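> As input, take data33.cif (mmCIF, C-alpha atoms):
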data_input
#
loop_
_atom_site.label_atom_id
_atom_site.label_comp_id
_atom_site.auth_asym_id
_atom_site.auth_seq_id
_atom_site.Cartn_x
_atom_site.Cartn_y
_atom_site.Cartn_z
CA MET A 1 24.80 58.28 123.40
CA ALA A 2 23.31 60.44 120.65
CA VAL A 3 23.25 64.15 121.42
CA ASP A 4 20.82 66.56 119.80
CA ALA A 5 22.84 69.44 118.33
CA GLY A 6 20.06 71.85 119.28
CA ALA A 7 19.76 70.57 122.85
CA GLU A 8 20.89 72.56 125.85
CA PRO A 9 24.37 71.57 127.06
CA LEU A 10 24.55 69.10 129.93
CA ARG A 11 24.71 70.85 133.30
CA LEU A 12 24.96 69.80 136.91
CA SER A 13 22.07 71.09 139.00
CA VAL A 14 22.92 73.41 141.90
CA GLY A 15 22.27 70.56 144.34
CA LEU A 16 24.57 68.11 142.53
CA LEU A 17 27.19 70.82 142.12
CA GLU A 18 27.30 71.40 145.88
CA LYS A 19 27.25 67.65 146.57
CA LEU A 20 30.21 67.14 144.21
CA ARG A 21 32.17 69.98 145.83
CA ALA A 22 31.56 68.50 149.28
CA GLU A 23 32.61 65.00 148.18
CA LEU A 24 35.80 66.30 146.56
CA GLU A 25 36.68 68.29 149.68
CA ALA A 26 36.00 65.31 151.96
CA GLU A 27 38.22 63.03 149.88
CA LEU A 28 41.00 65.43 148.88
CA GLY A 29 41.04 68.08 151.58
CA ARG A 30 40.06 71.70 151.11
CA ASP A 31 43.27 72.92 149.42
CA VAL A 32 43.48 70.19 146.77
CA ALA A 33 39.72 70.20 146.13
CA ALA A 34 39.89 73.97 145.57
CA LEU A 35 42.07 73.32 142.51
CA VAL A 36 39.07 71.86 140.65
CA SER A 37 35.95 73.07 142.51
CA ASP A 38 35.04 76.16 140.51
CA GLU A 39 31.71 75.82 138.75
CA ALA A 40 33.11 76.03 135.21
CA THR A 41 35.54 73.12 135.83
CA LEU A 42 32.87 70.95 137.45
CA GLN A 43 30.48 71.62 134.57
CA ARG A 44 33.16 70.94 131.90
CA PHE A 45 34.03 67.56 133.42
CA PHE A 46 30.33 66.72 133.71
CA ARG A 47 29.79 67.54 130.00
CA ALA A 48 32.94 65.63 129.02
CA THR A 49 31.55 62.46 130.59
CA GLY A 50 28.23 62.74 128.80
CA GLY A 51 26.48 63.69 132.02
CA SER A 52 27.79 60.88 134.21
CA TYR A 53 28.06 62.14 137.80
CA LYS A 54 30.07 59.09 138.89
CA GLU A 55 32.56 59.31 136.00
CA SER A 56 32.98 63.08 136.29
CA ARG A 57 33.63 62.70 140.04
CA SER A 58 36.27 60.05 139.38
CA ARG A 59 37.95 62.13 136.68
CA LEU A 60 37.90 65.24 138.87
CA LEU A 61 39.62 63.34 141.68
CA GLU A 62 42.35 62.20 139.27
CA HIS A 63 42.67 65.70 137.82
CA ALA A 64 42.91 67.37 141.25
CA GLU A 65 45.66 64.97 142.34
CA TRP A 66 47.54 65.67 139.06
CA ARG A 67 47.23 69.45 139.55
CA ALA A 68 48.48 69.14 143.14
CA GLU A 69 51.44 66.97 142.08
CA VAL A 70 52.45 68.65 138.79
CA GLY A 71 51.53 72.28 139.53
CA PRO A 72 50.65 73.09 135.91
CA GLU A 73 49.51 76.64 136.72
CA THR A 74 53.12 77.60 137.52
CA MET A 75 54.88 75.31 135.05
CA GLU A 76 57.65 76.83 132.97
CA CYS A 77 59.25 75.04 130.04
CA SER A 78 62.86 74.57 131.20
CA ALA A 79 63.99 73.82 127.63
CA CYS A 80 62.65 77.18 126.42
CA GLU A 81 64.20 78.98 129.38
CA SER A 82 67.64 77.73 128.34
CA ASP A 83 67.02 78.01 124.57
CA PRO A 84 64.05 80.07 123.32
CA HIS A 85 64.10 78.15 120.01
CA SER A 86 63.32 74.84 121.68
CA HIS A 87 59.58 74.83 120.96
CA TYR A 88 57.05 76.82 119.06
CA MET A 89 53.53 76.69 120.47
CA HIS A 90 52.43 80.13 121.57
CA LEU A 91 49.39 82.31 122.09
CA ILE A 92 48.96 84.74 119.21
CA GLY A 93 45.67 86.44 120.09
CA HIS A 94 41.94 85.78 120.25
CA ASP A 95 39.34 84.88 117.64
CA LYS A 96 36.03 86.72 117.11
CA GLN A 97 34.42 84.61 119.85
CA GLY A 98 37.08 85.67 122.37
CA ARG A 99 38.79 82.27 122.41
CA PRO A 100 42.59 82.30 122.80
CA VAL A 101 44.37 81.22 119.61
CA MET A 102 47.52 79.10 119.87
CA TYR A 103 49.88 78.72 116.92
CA SER A 104 52.44 75.95 116.63
CA THR A 105 54.85 75.03 113.90
CA PHE A 106 57.35 72.23 113.49
CA ALA A 107 59.66 74.44 111.41
CA LEU A 108 60.74 76.56 114.37
CA ALA A 109 60.86 73.90 117.09
CA GLU A 110 64.37 72.58 117.65
CA ASN A 111 63.91 70.39 120.73
CA LYS A 112 62.17 67.11 119.84
CA SER A 113 62.54 65.42 123.27
CA LEU A 114 59.25 64.15 124.69
CA GLY A 115 59.51 65.39 128.29
CA PRO A 116 60.21 69.03 127.42
CA LEU A 117 57.57 68.94 124.66
CA VAL A 118 54.93 67.82 127.16
CA ASP A 119 56.02 70.49 129.67
CA HIS A 120 55.76 73.13 126.93
CA MET A 121 52.31 71.88 125.94
CA ILE A 122 51.10 72.11 129.55
CA GLN A 123 52.55 75.62 129.85
CA ALA A 124 50.80 76.68 126.61
CA PHE A 125 47.49 75.16 127.72
CA GLU A 126 47.67 76.95 131.07
CA LEU A 127 48.49 80.27 129.38
CA ALA A 128 45.49 79.80 127.09
CA VAL A 129 43.23 79.14 130.08
CA ARG A 130 44.48 82.29 131.84
CA ALA A 131 43.88 84.29 128.62
CA MET A 132 40.20 83.29 128.46
CA PRO A 133 37.81 86.13 129.14
CA PRO A 134 34.81 85.38 131.40
CA GLY A 135 32.39 82.97 129.75
CA VAL A 136 34.97 81.53 127.34
CA GLU A 137 36.01 77.94 128.05
CA SER A 138 37.86 76.78 124.94
CA TRP A 139 40.79 77.71 122.71
CA VAL A 140 41.66 77.50 119.03
CA TRP A 141 44.81 75.73 117.85
CA LEU A 142 46.39 76.56 114.52
CA ASN A 143 48.88 73.75 113.85
CA ASP A 144 51.30 74.54 111.01
CA PHE A 145 52.98 71.42 109.63
CA ALA A 146 55.73 73.35 107.82
CA GLY A 147 59.01 71.63 108.63
CA PHE A 148 57.31 68.42 109.78
CA GLY A 149 59.63 65.43 109.48
CA LEU A 150 60.44 62.01 110.84
CA ALA A 151 61.86 63.47 114.07
CA ASP A 152 58.39 64.84 114.83
CA CYS A 153 56.72 61.42 114.62
CA HIS A 154 57.06 60.52 118.29
CA PRO A 155 54.05 58.34 119.22
CA GLY A 156 54.44 59.37 122.84
CA LEU A 157 53.77 62.98 121.91
CA ALA A 158 50.44 62.13 120.27
CA MET A 159 49.46 59.99 123.27
CA SER A 160 50.52 62.76 125.68
CA PHE A 161 48.39 65.27 123.79
CA ILE A 162 45.39 62.94 123.88
CA GLU A 163 45.85 62.27 127.59
CA LEU A 164 46.36 65.91 128.52
CA SER A 165 43.42 67.08 126.40
CA GLY A 166 41.04 64.32 127.40
CA VAL A 167 41.96 63.78 131.03
CA HIS A 168 43.09 67.21 132.25
CA TYR A 169 41.73 69.74 129.75
CA PRO A 170 38.40 68.28 128.59
CA GLU A 171 36.13 70.51 126.54
CA ARG A 172 38.97 73.03 126.04
CA LEU A 173 39.89 72.42 122.38
CA GLY A 174 37.19 74.38 120.59
CA GLN A 175 38.71 74.27 117.11
CA VAL A 176 41.84 72.97 115.46
CA THR A 177 43.11 73.91 112.02
CA TRP A 178 46.02 72.34 110.19
CA ARG A 179 48.12 74.23 107.69
CA ARG A 180 50.53 72.65 105.24
CA ALA A 181 49.68 69.16 106.45
CA VAL A 182 51.66 66.35 104.89
CA ARG A 183 49.69 64.45 102.30
CA GLY A 184 50.15 60.73 102.16
CA LYS A 185 50.84 58.94 98.91
CA ARG A 186 48.37 56.48 97.55
CA SER A 187 49.39 52.92 97.05
CA GLY A 188 51.57 52.65 93.96
CA GLU A 189 52.55 56.34 93.82
CA MET A 190 56.20 57.29 93.82
#
As structure tokens - that is how I would like this structure written.

Amino acid sequence: MAVDAGAEPLRLSVGLLEKLRAELEAELGRDVAALVSDEATLQRFFRATGGSYKESRSRLLEHAEWRAEVGPETMECSACESDPHSHYMHLIGHDKQGRPVMYSTFALAENKSLGPLVDHMIQAFELAVRAMPPGVESWVWLNDFAGFGLADCHPGLAMSFIELSGVHYPERLGQVTWRRAVRGKRSGEM
């Protein structure tokens, strides 16, 4: 679907918003539905599906069940609790638009195990969400590749990032910048 860059963002009407809230509550119960029923979340999921009510409803159900099971809003990285040098993805401030800025670097992260890396990522995402002032819905990620090596090439980490971002934090990554990214060699170069 082509989107006009100058067009107004996709939005659920008030009637569809209330209908979606009611359907989520009927299927999930009031407590679980409340995890995803705020207007900003409903609108973000609607935009992320290109305006598909049916798909946004389905994704919101999955997301609500995940939030109820995982409890990301209270997640703490157990690896960092036992060793503060385990990971390095932290909030460092806000940009001129008020978006939280996260900085990560491979050079300072000592724990390369997938499970703790995913927990740390969830914790960082949740901290960024809590740091958003009213009206701000996305963050900036400054990813510093200093120290990047073979141990950092875990395909599960890339897939976990894609799943978390796309399934549970859609429309949250407003900008990403890479520093000191590894350049590949062209065929025949030594």
> With the file shown as input, list the residues that the PyMOL selection byres ((chain A and resi 180) around 6) selects, as JSON, numbers by chain.
{"A": [145, 146, 179, 181]}
> I would like the residues chosen by the PyMOL selection byres ((chain A and resi 95) around 12) on the shown file; could you give them as a PyMOL selection string?
chain A and resi 91-94+96-102+131-133+136+138-142+174-175
> Any chance you could work out the residue set of the PyMOL selection byres ((chain A and resi 127) around 10) here, as a list in words?
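Selection result, ordered by chain and number: Pro72, Glu73, Thr74, Met75, His90, Leu91, Pro100, Met102, Met121, Ile122, Gln123, Ala124, Phe125, Glu126, Ala128, Val129, Arg130, Ala131 and Met132 of chain A.
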> Tell me which protein, DNA and RNA residues are within 7 Å of Gly51 (chain A), counting all atoms listed in the file, leaving out same-chain ones fewer than 3 positions away, and put them as a ChimeraX atom specification.
/A:10,46-47
> Which residues are near Ala79 (chain A)? Cut-off 8 Å, only C-alpha atoms, ignore same chain within fewer than 6 positions. Put them as a ChimeraX atom specification.
/A:86,111,116
> Filtering to C-alpha atoms, could you give me those residues as a PDB file, in the coordinates of the input?

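Full text of out-v6.pdb as output:
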ATOM      1  CA  SER A  86      63.320  74.840 121.680  1.00  0.00           C
ATOM      2  CA  ASN A 111      63.910  70.390 120.730  1.00  0.00           C
ATOM      3  CA  PRO A 116      60.210  69.030 127.420  1.00  0.00           C
TER       4      PRO A 116
END
